[in-house]
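Quick notes on the structure that follows.
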Amino acid sequence: MMEAVLGSTAIARAESPGLWVLAWRRFCRDRLGLVAFVVVVFFFGLMVASGLGLIAADWSKEVGVSDAPPAFIGPQTPPARPAAAPAAAADSSREGKSEPAVIDPLANELSDIRHQKGAGATDTAIVDPLADVLAEIRRESGAASAAETRAPTLVFGGDKWGRDVLKKAIKGTETSMFVGLAAATLAAFIGTVFGALAGYYGRWIDDFFNWFYSIFTSIPYLLLILAIAGVLNQKGTTTVILILGLTGWTGIFRLVRAEYLKHKVREYIQAADAIGASHMRRMFVHILPNVSHVVLVQLSLHVVLFIKSEVVLSFLGFGVGVDTVSWGSMLNEAQNELILGKWWQLAAATIAMATLVTAFSLFTDALRDALDPRLK
Amino acid sequence: MLAYIVRRLWQIVPTLLGVVLLVFLLFNWVGGDPAYLLAGKISNPEQIENIRRQLGVDQPMYVQLWIFIKQIATGDFGVSWATNEKVSEIFATRLGPSLTVLLPLLVIDTLLAIAAAMLVAYVRGSLTDRLVMIGCTVGQSISILVYIIVFQYVLAYQLGWFPVQGWGNNLAENLFKFSLLPIIVGVIVSLAPDTRLYRSFFLDEINQDYVRTARAKGMSETRVMWVHVLRNASIPIITNVMIQLPGLLAGAFLIERFFSIPGVGREVILAVERSDFPVIKAVTIYVAIATLLINLLADLLYKAVDPRVQLK
């Protein structure tokens, strides 16, 4: 008898699935979205593994010959190299095979001096000041050229300096995706906080943030980014993240503000007020979870936008530093290589970027459909 | 109507002051003393001292701000730090080439996107629709850089159909010789996102009751689509086109740079490369002013297109 009652209450109390569980179920039904999600997770794994140095840590090592073609094409025959190419010619000295002998620049003069002084002069009197250094350099370069015989082909080809393009693309994935995620997180954070304050408090606070918003939106996006890049005048991943994040919050702000305007007059907020919840608690504990799906979709959209922007900035040379590789800097190198018929770096950067961005866009669409079923 | 315009113009003032303040803080405060920047670029110390005096670097911030506001009001931003050309002169001469490329680009892109969007919206849910949409998503995810590099290499460099880059002296030559490839690339790049966007506008209208009523009355499909749906969908489309207008003044940065078109966008990139602050400042401020005025114009145009809109 007792047990039966307990059992029935237990059944009555069985929780109905929450928003996220329902969204996940809807998401799983979208096959295209799932595939896109898997691809995004794969790229995310690449980013983490590359960031931890598990893969592509030795991307800057010059393992192949200059402009090594992909393995599926086969090694290049010497005449295939256009002789007229000045860029290639200038760099041919860097090619590993013809390791030029390290010549002592003072050797001739020293022997002259020794001759003049005659045999009587002791050798110790005139010591070659560079001898020790040169010996060391010779030893090192000898060891290096002995250890690495440069590969004639690489998996997906090599760049001008014989670095593996595939590894560069992985490293570029790390940079570009990290910048996109970090900048989008920063923008979403700023946009959410501003939007929450403006929408919740209203009145002069709302006016102030709207004023701020109108300032940022009255300058075209790319112009604003370039102007800030011009002023900061320093390269680096952090700089790019800050530029993109600090300028890109406007769209998120507008949407979050509208959501807060809608939510702050609902009954559950009146109830929260009645139990004595503070403004901050009402804003960020009660309302925020209810608008978080908007933020999440926007975050995802902005990742794509910022990845594209980072590529353009890095291409123009205002983005990541010279010691970092990004898809943008790869495209910059590829531009000159293409004229010489070396298309693989262009292809590698393009394929990597297009795959990630397509997958991310499809994933965002699926996410939106799953989180907001009314839209469909 | 007039009262509305006056009130809107009045509302522009605080925003404009904000933009001025933002640009001022960015360049005079974050940017710091130009002497540090120019030390390696201008060898003549007298010239640097001159620039510092013009900006009022050694004076308090409010004096510097006042100098900046006077510069905006008179349109005299002095000379470029890099080329000694007058900034107003730079803007005046670079605007023409930018518009030569961007105006036809905007018109062609808008017409094609409307046509494509109307077509796929009409056959929504079909295989064509889905293929076009997936094509748009993939096309959109390839960087604009790749389009420019590949098109320039294949169509201009290898096939020789277009000049690789360059700019002439008369409008006809510029428009029909040098602008063609830039316009083609620009249309291809913006067609995908615009088609997706306009398709959603058309879909919003196609499911409305008035469309069903029109069909029920026995109107032809052509009339339903071209007269009823298109006219209603054109309202958000106009907004989207108006949003792009200020961008015309800022120029097409990447296209101008790749094709060596002496436009505003290329000038801005050059200015950023050379830390040529007067040029960046002037372009930013004037484009912002233009944006604010065009926004007002867009609202007035709204009223003309859609009588339901109440101007408040």
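The chains in the structure tokens are called A, B, ... from first to last as shown; in each chain the residues are counted from 1, and the ligands are counted from 1 in the order shown.
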
#### Entry: Exercise: Ser260 of chain B partners within 7 Å, only C-alpha atoms, chain neighbours under 3 positions left out, as a count of residues only
4

Could you list, with a cut-off of 6 Å and counting only C-alpha atoms, the residues of chain A near chain B, each shown with its nearest atom pair and the distance in Å rounded to one decimal, rows sorted by chain and ascending number, as a tab-separated table?
residue	atom	partner	partner_atom	distance
A:Ile215	CA	B:Val19	CA	5.3
A:Ser218	CA	B:Ala288	CA	5.1
A:Ile219	CA	B:Ala288	CA	5.0
A:Gly230	CA	B:Val272	CA	4.5
A:Val231	CA	B:Gly31	CA	5.2
A:Ala354	CA	B:Ile142	CA	5.0
A:Val357	CA	B:Ser141	CA	5.2
A:Thr358	CA	B:Ser141	CA	5.5

Just write the chosen residues, C-alpha atoms, as an mmCIF file, in the first residue's frame.
data_model
loop_
_atom_site.group_PDB
_atom_site.id
_atom_site.type_symbol
_atom_site.label_atom_id
_atom_site.label_comp_id
_atom_site.auth_asym_id
_atom_site.auth_seq_id
_atom_site.Cartn_x
_atom_site.Cartn_y
_atom_site.Cartn_z
ATOM 1 C CA ILE A 215 28.874 55.308 -32.551
ATOM 2 C CA SER A 218 28.187 54.404 -37.892
ATOM 3 C CA ILE A 219 31.695 53.429 -39.002
ATOM 4 C CA GLY A 230 46.681 51.357 -37.778
ATOM 5 C CA VAL A 231 46.711 53.082 -34.406
ATOM 6 C CA ALA A 354 36.321 26.500 -46.381
ATOM 7 C CA VAL A 357 33.664 27.752 -42.079
ATOM 8 C CA THR A 358 31.086 25.707 -44.020
#

### Residue contacts of Leu300 of chain B (12 Å, only C-alpha atoms) excluding same-chain residues fewer than 3 positions away, as a PyMOL selection string
chain B and resi 1-2+4-5+8+238-239+242+293-297+303-307+309-312

## Note on the structure
Restricting to only C-alpha atoms, whichever of A:Thr173, A:Thr185, A:Thr239, A:Ser16 is closest to Ser300 of chain A is A:Thr185

### Message
DSSP on the backbone, alpha helix (DSSP H) only: what residues of segment 7-204 of chain B does that give? Format it as a PyMOL selection string.
### Response
chain B and resi 7-24+34-38+45-55+61-74+87-122+127-141+144-151+171-173+180-204
